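S.K.: Take a look at this one; I'll ask things after.
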Amino acid sequence: MAKASKAPRMGAIVTGGGSGIGLATAELLLETGWSVALVDVSDAALDGARGRLANAKGAHFLAADVTDESAVERAVAEAARMVGKLAGVVNCAGISADKHVLETPAALFRKILDVNVIGTFMVGKAAARLMQHSGGGSIVNIASVSGLRGSKGRVAYGASKGAIVTLTQVMANDLAEFGIRVNAVAPGPVETPMVAAIHTEDDRKLYHRYIPMNRYAEPAEIAQVIRFLLDPSQSSYVTGEIIAVDGGYRGAGLVVGRP
Ligand SMILES: NC(=O)c1ccc[n+]([C@@H]2O[C@H](COP(=O)([O-])OP(=O)(O)OC[C@H]3O[C@@H](n4cnc5c(N)ncnc54)[C@H](O)[C@@H]3O)[C@@H](O)[C@H]2O)c1
């Protein structure tokens with residue numbers, strides 16, 4: 001098999017880097033020569049990531065809450081100093097809930113929008129302000145198939161991910177003149193702590209029924225696509241794009257051979 005091309009040493013910020021897709025992304029980027037600042041609100045998650053990446057060269061760890069604007073400004077500036085040339089941002093910090101519309105309090109809806117949408121916006125904006133003066137870069141946001149289709153129980157989470165789609169397209173438009181590309185991946189279900197906490201056995205059966213590949217993704221499978229979108233040697237003309245990484249879920253009609 002052909003070896004993946006090694007990126008030159010570039011720097012990236014990965015929010016939500018302490019767990020799941022963010023941690024897998026940081027790990028893959030470090031393996032392929034990037035410096036990475038992992039930013040997370042959870043000290044426990046950061047400690048776990050520190051342990052897992054103990055032997056990786058170029059890993060940095062920062063505690064910050066993406067909903068706190070001044071903390072975001074400080075963390076992005078600090079991360080940029082840590083990683084050298086800031087060329088990439090991956091917005092993985094996110095929260096989820098699976099609740100029927102009639103049982104969703106407005107406060108929960110606001111909290112999900114705050115982390116998933118406003119947090120993504122603020123981190124992207126702070127980083128873009130730096131990258132516009134340093135030759136551009138790439139921002140990758142994390143949407144979800146729940147933002148592309150109306151999945152049950154996802155009124156707040158799905159709406160937040162639908163907003164990520166439009167946020168990504170508008171930021172791509174506004175930032176193209178600075179050489180900053182903005183894209184999103186829209187994962188289907190991925191085996192992460194978030195999913196372990198939320199998906200019931202019935203959810204798992206339902207997903208399996210409607211996913212042609214008949215399984216959940218591993219975090220590394222999402223990380224590979226994120227890395228492609230970050231790396232200018234791979235995706236220099238891709239911007240404003242939403243790539244579903246979902247085992248065929250979005251495109252599927254009747255799934256052959258499934259009850
Ligand atoms: N796992 C899936 O099936 C799936 C599917 C589609 C999209 N996504 C999205 O991928 C992203 C990562 O999800 P995951 O499954 O890896 O979840 P995860 O819970 O394993 O990791 C999310 C990380 O974000 C951090 N975080 C949460 N709120 C934060 C805040 N305010 N500031 C900074 N960090 C914060 C958490 O501490 C955690 O370490 C999320 O946006 C999620 O919505 C996940």
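Letters for chains follow the order of the structure tokens (A, B, ...), residue numbers begin at 1 for each chain, and ligand numbers begin at 1 in the order shown.
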Residues of segment 46-194 of chain A classed as strand (DSSP E) by DSSP on the backbone are to be reported as a ChimeraX atom specification.
M.R.: /A:59-63,86-91,137-142,180-187
S.K.: Keeping only N, CA and C atoms, write the selected residues as a short mmCIF file (atom, residue, chain, number, x, y, z; two decimals), in the first residue's frame.
M.R.:
data_model
loop_
_atom_site.label_atom_id
_atom_site.label_comp_id
_atom_site.auth_asym_id
_atom_site.auth_seq_id
_atom_site.Cartn_x
_atom_site.Cartn_y
_atom_site.Cartn_z
N ALA A 59 3.37 17.58 20.88
CA ALA A 59 2.03 17.65 21.48
C ALA A 59 2.01 18.66 22.63
N HIS A 60 1.00 19.51 22.65
CA HIS A 60 0.84 20.51 23.70
C HIS A 60 -0.60 20.43 24.21
N PHE A 61 -0.79 20.83 25.46
CA PHE A 61 -2.09 20.63 26.10
C PHE A 61 -2.55 21.92 26.77
N LEU A 62 -3.79 22.29 26.49
CA LEU A 62 -4.32 23.55 27.04
C LEU A 62 -5.74 23.34 27.53
N ALA A 63 -6.02 23.80 28.75
CA ALA A 63 -7.40 23.73 29.25
C ALA A 63 -8.12 25.02 28.89
N LEU A 86 0.77 28.36 12.79
CA LEU A 86 -0.59 27.83 12.90
C LEU A 86 -1.20 27.72 11.50
N ALA A 87 -1.41 26.48 11.07
CA ALA A 87 -1.93 26.25 9.72
C ALA A 87 -3.26 25.51 9.72
N GLY A 88 -3.67 25.02 10.89
CA GLY A 88 -4.90 24.24 10.92
C GLY A 88 -5.66 24.35 12.22
N VAL A 89 -6.97 24.24 12.12
CA VAL A 89 -7.85 24.22 13.29
C VAL A 89 -8.87 23.11 13.09
N VAL A 90 -9.06 22.31 14.12
CA VAL A 90 -10.09 21.27 14.06
C VAL A 90 -11.02 21.47 15.25
N ASN A 91 -12.27 21.76 14.96
CA ASN A 91 -13.25 22.06 16.01
C ASN A 91 -14.02 20.81 16.39
N GLY A 137 -4.56 29.02 5.87
CA GLY A 137 -4.64 27.77 6.63
C GLY A 137 -5.95 27.06 6.32
N SER A 138 -6.25 26.10 7.18
CA SER A 138 -7.44 25.27 6.95
C SER A 138 -8.17 25.05 8.26
N ILE A 139 -9.48 25.26 8.23
CA ILE A 139 -10.32 25.02 9.40
C ILE A 139 -11.26 23.87 9.08
N VAL A 140 -11.31 22.90 9.99
CA VAL A 140 -12.23 21.78 9.79
C VAL A 140 -13.21 21.74 10.96
N ASN A 141 -14.48 21.85 10.64
CA ASN A 141 -15.54 21.78 11.64
C ASN A 141 -16.15 20.38 11.65
N ILE A 142 -16.77 20.04 12.77
CA ILE A 142 -17.40 18.72 12.84
C ILE A 142 -18.92 18.90 12.87
N ILE A 180 -7.66 31.03 3.48
CA ILE A 180 -8.11 30.12 4.56
C ILE A 180 -9.27 29.29 4.04
N ARG A 181 -9.08 27.98 4.03
CA ARG A 181 -10.15 27.07 3.61
C ARG A 181 -10.94 26.62 4.83
N VAL A 182 -12.25 26.45 4.66
CA VAL A 182 -13.10 26.00 5.77
C VAL A 182 -14.01 24.89 5.26
N ASN A 183 -13.90 23.73 5.88
CA ASN A 183 -14.71 22.58 5.48
C ASN A 183 -15.26 21.89 6.74
N ALA A 184 -16.14 20.95 6.51
CA ALA A 184 -16.65 20.17 7.66
C ALA A 184 -16.72 18.70 7.27
N VAL A 185 -16.57 17.87 8.28
CA VAL A 185 -16.92 16.46 8.10
C VAL A 185 -18.23 16.22 8.85
N ALA A 186 -19.03 15.34 8.30
CA ALA A 186 -20.30 14.98 8.94
C ALA A 186 -20.26 13.49 9.23
N PRO A 187 -19.78 13.13 10.43
CA PRO A 187 -19.69 11.70 10.72
C PRO A 187 -21.06 11.08 10.97
#
S.K.: Which residues form the shell of 8 Å around ligand 1 when you count only C-alpha atoms and all ligand atoms, given as a CSV table (one decimal) with all heavy atoms, in the first residue's frame?
M.R.:
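The resulting out-v7.csv:
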chain,number,residue,atom,x,y,z
A,15,THR,N,-9.6,21.3,19.2
A,15,THR,CA,-10.5,21.5,20.4
A,15,THR,C,-11.2,20.1,20.6
A,15,THR,O,-11.4,19.3,19.7
A,15,THR,CB,-11.5,22.6,20.2
A,15,THR,OG1,-12.5,22.2,19.3
A,15,THR,CG2,-10.9,23.9,19.7
A,16,GLY,N,-11.6,19.9,21.8
A,16,GLY,CA,-12.1,18.6,22.2
A,16,GLY,C,-11.0,17.5,22.0
A,16,GLY,O,-11.3,16.3,21.8
A,17,GLY,N,-9.8,17.9,22.1
A,17,GLY,CA,-8.7,17.0,21.8
A,17,GLY,C,-8.4,16.0,22.9
A,17,GLY,O,-7.6,15.1,22.7
A,18,GLY,N,-9.2,16.1,24.0
A,18,GLY,CA,-8.9,15.1,25.0
A,18,GLY,C,-9.6,13.8,24.9
A,18,GLY,O,-9.4,12.9,25.6
A,19,SER,N,-10.5,13.7,23.9
A,19,SER,CA,-11.3,12.5,23.8
A,19,SER,C,-11.7,12.2,22.3
A,19,SER,O,-11.7,13.1,21.5
A,19,SER,CB,-12.5,12.7,24.7
A,19,SER,OG,-13.4,11.6,24.6
A,20,GLY,N,-12.1,11.0,22.1
A,20,GLY,CA,-12.9,10.6,20.9
A,20,GLY,C,-12.2,11.0,19.6
A,20,GLY,O,-11.0,10.8,19.3
A,21,ILE,N,-13.0,11.7,18.7
A,21,ILE,CA,-12.5,12.1,17.4
A,21,ILE,C,-11.4,13.1,17.5
A,21,ILE,O,-10.4,13.0,16.7
A,21,ILE,CB,-13.7,12.7,16.6
A,21,ILE,CG1,-14.8,11.6,16.4
A,21,ILE,CG2,-13.2,13.2,15.3
A,21,ILE,CD1,-16.1,12.2,15.8
A,22,GLY,N,-11.5,14.0,18.5
A,22,GLY,CA,-10.4,15.0,18.6
A,22,GLY,C,-9.1,14.4,19.0
A,22,GLY,O,-8.0,14.7,18.4
A,23,LEU,N,-9.1,13.4,19.9
A,23,LEU,CA,-7.9,12.8,20.3
A,23,LEU,C,-7.3,11.9,19.2
A,23,LEU,O,-6.1,12.0,18.9
A,23,LEU,CB,-8.2,11.9,21.6
A,23,LEU,CG,-7.0,11.1,22.1
A,23,LEU,CD1,-5.8,12.0,22.4
A,23,LEU,CD2,-7.4,10.4,23.4
A,39,VAL,N,-6.8,21.2,22.9
A,39,VAL,CA,-7.6,22.2,23.8
A,39,VAL,C,-8.8,21.4,24.3
A,39,VAL,O,-9.6,20.9,23.5
A,39,VAL,CB,-7.9,23.5,23.1
A,39,VAL,CG1,-8.8,24.4,24.0
A,39,VAL,CG2,-6.7,24.2,22.6
A,40,ASP,N,-9.0,21.4,25.6
A,40,ASP,CA,-10.2,20.8,26.1
A,40,ASP,C,-10.7,21.4,27.4
A,40,ASP,O,-9.8,21.9,28.2
A,40,ASP,CB,-10.0,19.3,26.3
A,40,ASP,CG,-11.2,18.4,26.2
A,40,ASP,OD1,-12.1,18.5,27.1
A,40,ASP,OD2,-11.4,17.7,25.2
A,41,VAL,N,-12.0,21.3,27.7
A,41,VAL,CA,-12.5,21.9,29.0
A,41,VAL,C,-12.2,20.9,30.1
A,41,VAL,O,-12.2,21.3,31.3
A,41,VAL,CB,-14.0,22.2,28.8
A,41,VAL,CG1,-14.8,21.0,28.8
A,41,VAL,CG2,-14.4,23.2,29.9
A,42,SER,N,-12.0,19.7,29.8
A,42,SER,CA,-11.9,18.6,30.9
A,42,SER,C,-10.4,18.4,31.2
A,42,SER,O,-9.7,17.8,30.4
A,42,SER,CB,-12.6,17.4,30.4
A,42,SER,OG,-12.2,16.3,31.1
A,45,ALA,N,-9.8,14.6,30.8
A,45,ALA,CA,-9.6,14.2,29.4
A,45,ALA,C,-8.2,14.6,29.0
A,45,ALA,O,-7.5,13.8,28.3
A,45,ALA,CB,-10.7,14.8,28.5
A,46,LEU,N,-7.8,15.8,29.3
A,46,LEU,CA,-6.4,16.2,28.9
A,46,LEU,C,-5.3,15.3,29.6
A,46,LEU,O,-4.3,15.0,28.9
A,46,LEU,CB,-6.2,17.7,29.3
A,46,LEU,CG,-6.9,18.7,28.4
A,46,LEU,CD1,-6.7,20.1,29.0
A,46,LEU,CD2,-6.3,18.7,27.0
A,63,ALA,N,-6.0,23.8,28.7
A,63,ALA,CA,-7.4,23.7,29.3
A,63,ALA,C,-8.1,25.0,28.9
A,63,ALA,O,-7.6,26.1,29.2
A,63,ALA,CB,-7.4,23.6,30.8
A,64,ALA,N,-9.3,24.9,28.2
A,64,ALA,CA,-10.1,26.1,27.9
A,64,ALA,C,-11.5,25.6,27.5
A,64,ALA,O,-11.7,24.5,27.0
A,64,ALA,CB,-9.5,26.9,26.8
A,65,ASP,N,-12.4,26.5,27.9
A,65,ASP,CA,-13.8,26.3,27.5
A,65,ASP,C,-14.2,27.1,26.3
A,65,ASP,O,-14.0,28.3,26.3
A,65,ASP,CB,-14.7,26.7,28.7
A,65,ASP,CG,-16.2,26.5,28.5
A,65,ASP,OD1,-16.6,26.3,27.3
A,65,ASP,OD2,-16.9,26.5,29.5
A,66,VAL,N,-14.6,26.4,25.2
A,66,VAL,CA,-14.8,27.1,23.9
A,66,VAL,C,-16.0,28.0,24.0
A,66,VAL,O,-16.2,28.8,23.0
A,66,VAL,CB,-15.0,26.1,22.7
A,66,VAL,CG1,-13.7,25.3,22.5
A,66,VAL,CG2,-16.2,25.2,22.9
A,67,THR,N,-16.8,28.0,25.1
A,67,THR,CA,-17.9,28.9,25.1
A,67,THR,C,-17.5,30.2,25.8
A,67,THR,O,-18.3,31.2,25.9
A,67,THR,CB,-19.1,28.3,26.0
A,67,THR,OG1,-18.7,28.2,27.3
A,67,THR,CG2,-19.5,27.0,25.4
A,68,ASP,N,-16.3,30.3,26.3
A,68,ASP,CA,-15.8,31.5,27.0
A,68,ASP,C,-14.9,32.3,26.0
A,68,ASP,O,-13.8,31.9,25.7
A,68,ASP,CB,-15.0,31.1,28.2
A,68,ASP,CG,-14.4,32.2,29.0
A,68,ASP,OD1,-14.3,33.3,28.4
A,68,ASP,OD2,-14.1,32.0,30.2
A,91,ASN,N,-12.3,21.8,15.0
A,91,ASN,CA,-13.2,22.1,16.0
A,91,ASN,C,-14.0,20.8,16.4
A,91,ASN,O,-15.1,20.6,15.9
A,91,ASN,CB,-14.2,23.1,15.5
A,91,ASN,CG,-13.6,24.5,15.6
A,91,ASN,OD1,-13.2,24.9,16.7
A,91,ASN,ND2,-13.6,25.3,14.5
A,92,CYS,N,-13.4,20.0,17.3
A,92,CYS,CA,-14.1,18.8,17.7
A,92,CYS,C,-14.9,18.9,19.1
A,92,CYS,O,-15.6,18.0,19.4
A,92,CYS,CB,-13.1,17.7,17.9
A,92,CYS,SG,-12.5,17.0,16.4
A,93,ALA,N,-14.6,20.0,19.8
A,93,ALA,CA,-15.3,20.2,21.1
A,93,ALA,C,-16.8,20.2,20.8
A,93,ALA,O,-17.3,20.9,20.0
A,93,ALA,CB,-14.9,21.5,21.8
A,94,GLY,N,-17.5,19.3,21.5
A,94,GLY,CA,-19.0,19.3,21.2
A,94,GLY,C,-19.7,18.5,22.3
A,94,GLY,O,-19.1,17.7,23.1
A,95,ILE,N,-21.0,18.7,22.5
A,95,ILE,CA,-21.8,18.0,23.4
A,95,ILE,C,-23.1,17.5,22.7
A,95,ILE,O,-23.4,18.1,21.6
A,95,ILE,CB,-22.2,18.8,24.7
A,95,ILE,CG1,-22.9,20.1,24.3
A,95,ILE,CG2,-20.9,19.1,25.5
A,95,ILE,CD1,-23.4,20.9,25.5
A,96,SER,N,-23.7,16.5,23.3
A,96,SER,CA,-24.9,15.9,22.6
A,96,SER,C,-26.0,15.6,23.6
A,96,SER,O,-25.7,15.6,24.8
A,96,SER,CB,-24.4,14.7,21.9
A,96,SER,OG,-25.4,14.0,21.2
A,115,VAL,N,-22.0,25.5,22.9
A,115,VAL,CA,-20.8,24.8,22.7
A,115,VAL,C,-20.5,24.4,21.2
A,115,VAL,O,-19.5,24.8,20.7
A,115,VAL,CB,-20.8,23.4,23.5
A,115,VAL,CG1,-19.5,22.6,23.3
A,115,VAL,CG2,-21.0,23.7,25.0
A,116,ASN,N,-21.5,23.8,20.6
A,116,ASN,CA,-21.3,23.3,19.3
A,116,ASN,C,-21.2,24.4,18.2
A,116,ASN,O,-20.4,24.2,17.3
A,116,ASN,CB,-22.4,22.3,18.9
A,116,ASN,CG,-22.5,21.1,19.8
A,116,ASN,OD1,-21.7,21.0,20.7
A,116,ASN,ND2,-23.4,20.2,19.5
A,119,GLY,N,-19.1,28.1,20.0
A,119,GLY,CA,-17.7,27.7,20.3
A,119,GLY,C,-16.9,27.5,19.0
A,119,GLY,O,-15.8,28.0,18.9
A,142,ILE,N,-16.8,20.0,12.8
A,142,ILE,CA,-17.4,18.7,12.8
A,142,ILE,C,-18.9,18.9,12.9
A,142,ILE,O,-19.5,19.4,13.9
A,142,ILE,CB,-16.9,17.9,14.1
A,142,ILE,CG1,-15.4,18.0,14.2
A,142,ILE,CG2,-17.4,16.5,13.9
A,142,ILE,CD1,-14.6,17.4,13.1
A,143,ALA,N,-19.5,18.6,11.8
A,143,ALA,CA,-21.0,18.5,11.7
A,143,ALA,C,-21.4,17.1,12.1
A,143,ALA,O,-20.9,16.5,13.0
A,143,ALA,CB,-21.5,18.9,10.3
A,144,SER,N,-22.4,16.6,11.5
A,144,SER,CA,-22.9,15.2,11.8
A,144,SER,C,-24.0,14.9,10.8
A,144,SER,O,-24.6,15.8,10.2
A,144,SER,CB,-23.5,15.2,13.2
A,144,SER,OG,-24.3,14.0,13.4
A,145,VAL,N,-24.2,13.6,10.6
A,145,VAL,CA,-25.3,13.2,9.8
A,145,VAL,C,-26.6,13.7,10.4
A,145,VAL,O,-27.6,13.9,9.7
A,145,VAL,CB,-25.4,11.7,9.5
A,145,VAL,CG1,-24.2,11.2,8.6
A,145,VAL,CG2,-25.4,10.9,10.8
A,146,SER,N,-26.6,13.9,11.7
A,146,SER,CA,-27.8,14.4,12.4
A,146,SER,C,-28.1,15.9,12.0
A,146,SER,O,-29.1,16.4,12.3
A,146,SER,CB,-27.6,14.3,13.9
A,146,SER,OG,-27.5,13.0,14.3
A,157,TYR,N,-29.4,18.9,19.1
A,157,TYR,CA,-28.1,18.5,18.6
A,157,TYR,C,-28.1,18.6,17.0
A,157,TYR,O,-27.2,19.1,16.4
A,157,TYR,CB,-27.8,17.1,19.0
A,157,TYR,CG,-26.5,16.5,18.5
A,157,TYR,CD1,-25.3,17.0,19.0
A,157,TYR,CD2,-26.5,15.6,17.5
A,157,TYR,CE1,-24.1,16.5,18.6
A,157,TYR,CE2,-25.3,15.1,17.0
A,157,TYR,CZ,-24.1,15.5,17.6
A,157,TYR,OH,-22.9,15.0,17.1
A,161,LYS,N,-25.9,21.0,14.5
A,161,LYS,CA,-25.0,20.5,13.4
A,161,LYS,C,-25.4,21.0,12.1
A,161,LYS,O,-24.6,21.2,11.2
A,161,LYS,CB,-25.0,18.9,13.5
A,161,LYS,CG,-24.4,18.4,14.8
A,161,LYS,CD,-22.9,18.9,14.9
A,161,LYS,CE,-22.2,18.3,16.1
A,161,LYS,NZ,-20.8,18.7,16.2
A,186,ALA,N,-19.0,15.3,8.3
A,186,ALA,CA,-20.3,15.0,8.9
A,186,ALA,C,-20.3,13.5,9.2
A,186,ALA,O,-20.6,12.7,8.4
A,186,ALA,CB,-21.5,15.3,8.0
A,187,PRO,N,-19.8,13.1,10.4
A,187,PRO,CA,-19.7,11.7,10.7
A,187,PRO,C,-21.1,11.1,11.0
A,187,PRO,O,-22.0,11.7,11.5
A,187,PRO,CB,-18.9,11.7,12.0
A,187,PRO,CG,-18.3,13.0,12.2
A,187,PRO,CD,-19.2,14.0,11.5
A,188,GLY,N,-21.2,9.8,10.6
A,188,GLY,CA,-22.2,9.0,11.2
A,188,GLY,C,-21.8,8.6,12.6
A,188,GLY,O,-20.9,9.2,13.2
A,189,PRO,N,-22.4,7.5,13.1
A,189,PRO,CA,-22.0,7.1,14.5
A,189,PRO,C,-20.6,6.6,14.6
A,189,PRO,O,-20.1,5.9,13.7
A,189,PRO,CB,-23.0,6.0,14.8
A,189,PRO,CG,-23.4,5.5,13.5
A,189,PRO,CD,-23.4,6.6,12.5
A,190,VAL,N,-19.9,7.1,15.6
A,190,VAL,CA,-18.5,6.8,15.8
A,190,VAL,C,-18.3,6.3,17.2
A,190,VAL,O,-18.9,6.8,18.2
A,190,VAL,CB,-17.6,8.1,15.6
A,190,VAL,CG1,-16.1,7.7,15.6
A,190,VAL,CG2,-18.0,8.8,14.4
A,191,GLU,N,-17.5,5.2,17.4
A,191,GLU,CA,-17.3,4.6,18.7
A,191,GLU,C,-16.4,5.5,19.6
A,191,GLU,O,-15.2,5.5,19.5
A,191,GLU,CB,-16.6,3.3,18.6
A,191,GLU,CG,-17.4,2.2,17.8
A,191,GLU,CD,-18.6,1.6,18.6
A,191,GLU,OE1,-18.9,2.2,19.7
A,191,GLU,OE2,-19.2,0.7,18.1
A,192,THR,N,-17.1,6.5,20.3
A,192,THR,CA,-16.4,7.4,21.2
A,192,THR,C,-17.1,7.4,22.5
A,192,THR,O,-18.2,6.9,22.6
A,192,THR,CB,-16.4,8.8,20.6
A,192,THR,OG1,-17.7,9.3,20.7
A,192,THR,CG2,-15.9,8.9,19.2
A,193,PRO,N,-16.5,8.0,23.5
A,193,PRO,CA,-17.1,8.1,24.8
A,193,PRO,C,-18.5,8.8,24.7
A,193,PRO,O,-19.4,8.5,25.4
A,193,PRO,CB,-16.2,9.0,25.6
A,193,PRO,CG,-14.8,8.6,25.1
A,193,PRO,CD,-15.1,8.5,23.6
A,194,MET,N,-18.6,9.8,23.8
A,194,MET,CA,-19.9,10.5,23.6
A,194,MET,C,-21.0,9.5,23.3
A,194,MET,O,-22.1,9.5,23.8
A,194,MET,CB,-19.8,11.6,22.6
A,194,MET,CG,-21.1,12.3,22.3
A,194,MET,SD,-21.1,13.4,20.9
A,194,MET,CE,-20.4,14.9,21.6
A,195,VAL,N,-20.7,8.7,22.3
A,195,VAL,CA,-21.7,7.7,21.8
A,195,VAL,C,-22.0,6.6,22.9
A,195,VAL,O,-23.1,6.2,23.1
A,195,VAL,CB,-21.2,7.1,20.5
A,195,VAL,CG1,-21.7,5.7,20.3
A,195,VAL,CG2,-21.7,8.0,19.3
A,216,TYR,N,-20.4,1.0,13.1
A,216,TYR,CA,-20.0,2.3,13.5
A,216,TYR,C,-18.6,2.5,13.0
A,216,TYR,O,-17.9,1.6,12.7
A,216,TYR,CB,-20.1,2.4,15.0
A,216,TYR,CG,-21.4,2.6,15.6
A,216,TYR,CD1,-22.6,2.1,15.1
A,216,TYR,CD2,-21.6,3.4,16.8
A,216,TYR,CE1,-23.8,2.2,15.7
A,216,TYR,CE2,-22.8,3.5,17.4
A,216,TYR,CZ,-23.9,3.0,16.8
A,216,TYR,OH,-25.2,3.1,17.4
A,217,ALA,N,-18.3,3.8,12.9
A,217,ALA,CA,-16.9,4.2,12.5
A,217,ALA,C,-16.0,4.1,13.7
A,217,ALA,O,-16.4,4.3,14.9
A,217,ALA,CB,-16.8,5.6,11.9
A,219,PRO,N,-12.9,6.2,15.5
A,219,PRO,CA,-12.4,7.6,15.5
A,219,PRO,C,-11.3,7.9,14.4
A,219,PRO,O,-11.3,8.9,13.8
A,219,PRO,CB,-11.9,7.9,16.9
A,219,PRO,CG,-12.7,6.9,17.8
A,219,PRO,CD,-12.9,5.7,16.9
S.K.: Restricting the calculation to only C-alpha atoms, which member of A:Ile198, A:Ala79, A:Val255, A:Leu113 is positioned closest to Gly162 of chain A?
M.R.: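 Smallest distance to Gly162 of chain A is found for A:Leu113.
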S.K.: Excluding same-chain residues fewer than 4 positions from Gly153 of chain A, what lies within 10 Å of it counting only C-alpha atoms, as an NGL selection string?
M.R.: :A and (97-104 or 146 or 157-158)
S.K.: Convert the current residue selection to file output with all heavy atoms, as an mmCIF file, in the first residue's frame.
M.R.:
data_model
loop_
_atom_site.group_PDB
_atom_site.id
_atom_site.type_symbol
_atom_site.label_atom_id
_atom_site.label_comp_id
_atom_site.auth_asym_id
_atom_site.auth_seq_id
_atom_site.Cartn_x
_atom_site.Cartn_y
_atom_site.Cartn_z
ATOM 1 N N ALA A 97 -27.171 15.434 23.048
ATOM 2 C CA ALA A 97 -28.274 14.934 23.871
ATOM 3 C C ALA A 97 -29.255 14.263 22.932
ATOM 4 O O ALA A 97 -29.374 14.652 21.774
ATOM 5 C CB ALA A 97 -28.958 16.083 24.606
ATOM 6 N N ASP A 98 -29.899 13.244 23.433
ATOM 7 C CA ASP A 98 -30.886 12.525 22.630
ATOM 8 C C ASP A 98 -32.219 12.629 23.363
ATOM 9 O O ASP A 98 -32.479 11.878 24.285
ATOM 10 C CB ASP A 98 -30.429 11.064 22.494
ATOM 11 C CG ASP A 98 -31.201 10.336 21.416
ATOM 12 O OD1 ASP A 98 -32.211 10.885 20.932
ATOM 13 O OD2 ASP A 98 -30.802 9.222 21.052
ATOM 14 N N LYS A 99 -33.026 13.623 22.965
ATOM 15 C CA LYS A 99 -34.291 13.862 23.672
ATOM 16 C C LYS A 99 -35.383 14.217 22.677
ATOM 17 O O LYS A 99 -35.140 14.980 21.738
ATOM 18 C CB LYS A 99 -34.132 15.062 24.629
ATOM 19 C CG LYS A 99 -33.542 14.709 25.966
ATOM 20 C CD LYS A 99 -33.744 15.862 26.952
ATOM 21 C CE LYS A 99 -33.015 15.620 28.252
ATOM 22 N NZ LYS A 99 -33.457 14.419 28.941
ATOM 23 N N HIS A 100 -36.553 13.688 22.928
ATOM 24 C CA HIS A 100 -37.711 14.037 22.120
ATOM 25 C C HIS A 100 -37.946 15.542 22.186
ATOM 26 O O HIS A 100 -37.700 16.180 23.220
ATOM 27 C CB HIS A 100 -38.946 13.299 22.659
ATOM 28 C CG HIS A 100 -40.116 13.344 21.741
ATOM 29 N ND1 HIS A 100 -40.976 14.426 21.670
ATOM 30 C CD2 HIS A 100 -40.576 12.449 20.836
ATOM 31 C CE1 HIS A 100 -41.911 14.194 20.776
ATOM 32 N NE2 HIS A 100 -41.687 12.994 20.248
ATOM 33 N N VAL A 101 -38.436 16.113 21.078
ATOM 34 C CA VAL A 101 -38.662 17.559 21.040
ATOM 35 C C VAL A 101 -39.521 18.038 22.210
ATOM 36 O O VAL A 101 -39.272 19.094 22.794
ATOM 37 C CB VAL A 101 -39.272 17.975 19.670
ATOM 38 C CG1 VAL A 101 -40.594 17.274 19.386
ATOM 39 C CG2 VAL A 101 -39.475 19.477 19.588
ATOM 40 N N LEU A 102 -40.518 17.235 22.589
ATOM 41 C CA LEU A 102 -41.430 17.677 23.657
ATOM 42 C C LEU A 102 -40.773 17.646 25.034
ATOM 43 O O LEU A 102 -41.296 18.204 25.986
ATOM 44 C CB LEU A 102 -42.690 16.800 23.663
ATOM 45 C CG LEU A 102 -43.516 16.868 22.374
ATOM 46 C CD1 LEU A 102 -44.712 15.911 22.452
ATOM 47 C CD2 LEU A 102 -43.999 18.294 22.114
ATOM 48 N N GLU A 103 -39.624 16.979 25.118
ATOM 49 C CA GLU A 103 -38.930 16.882 26.419
ATOM 50 C C GLU A 103 -37.627 17.663 26.424
ATOM 51 O O GLU A 103 -36.777 17.473 27.296
ATOM 52 C CB GLU A 103 -38.634 15.416 26.732
ATOM 53 C CG GLU A 103 -39.876 14.640 27.117
ATOM 54 C CD GLU A 103 -39.730 13.157 26.843
ATOM 55 O OE1 GLU A 103 -38.590 12.700 26.653
ATOM 56 O OE2 GLU A 103 -40.772 12.481 26.801
ATOM 57 N N THR A 104 -37.442 18.540 25.444
ATOM 58 C CA THR A 104 -36.180 19.295 25.359
ATOM 59 C C THR A 104 -36.360 20.686 25.953
ATOM 60 O O THR A 104 -37.043 21.532 25.369
ATOM 61 C CB THR A 104 -35.723 19.411 23.886
ATOM 62 O OG1 THR A 104 -35.537 18.095 23.358
ATOM 63 C CG2 THR A 104 -34.415 20.188 23.785
ATOM 64 N N SER A 146 -26.590 13.877 11.717
ATOM 65 C CA SER A 146 -27.784 14.408 12.398
ATOM 66 C C SER A 146 -28.059 15.853 12.018
ATOM 67 O O SER A 146 -29.134 16.376 12.322
ATOM 68 C CB SER A 146 -27.634 14.311 13.921
ATOM 69 O OG SER A 146 -27.510 12.967 14.313
ATOM 70 N N TYR A 157 -29.405 18.933 19.128
ATOM 71 C CA TYR A 157 -28.114 18.512 18.567
ATOM 72 C C TYR A 157 -28.134 18.612 17.040
ATOM 73 O O TYR A 157 -27.207 19.148 16.422
ATOM 74 C CB TYR A 157 -27.825 17.077 19.012
ATOM 75 C CG TYR A 157 -26.508 16.531 18.503
ATOM 76 C CD1 TYR A 157 -25.307 16.970 19.032
ATOM 77 C CD2 TYR A 157 -26.478 15.565 17.488
ATOM 78 C CE1 TYR A 157 -24.104 16.468 18.567
ATOM 79 C CE2 TYR A 157 -25.282 15.059 17.028
ATOM 80 C CZ TYR A 157 -24.093 15.516 17.571
ATOM 81 O OH TYR A 157 -22.903 15.016 17.098
ATOM 82 N N GLY A 158 -29.207 18.107 16.428
ATOM 83 C CA GLY A 158 -29.303 18.144 14.963
ATOM 84 C C GLY A 158 -29.314 19.574 14.440
ATOM 85 O O GLY A 158 -28.646 19.892 13.458
#
S.K.: Quick one: pick out all alpha helix (DSSP H) residues within segment 11-171 of chain A from a backbone DSSP run and write them as a PyMOL selection string.
M.R.: chain A and resi 20-31+43-52+69-83+106-113+120-131+155-171
S.K.: With only C-alpha atoms as the basis for distance, which of A:Val14, A:Val117, A:Ala172, A:Leu108 is at the shortest distance from Arg154 of chain A?
M.R.: A:Leu108
S.K.: With distances taken over only C-alpha atoms, which of A:Leu148, A:Gly179, A:His199, A:Glu221 is nearest to Val238 of chain A?
M.R.: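 Closest to Val238 of chain A of all the choices is A:Gly179.
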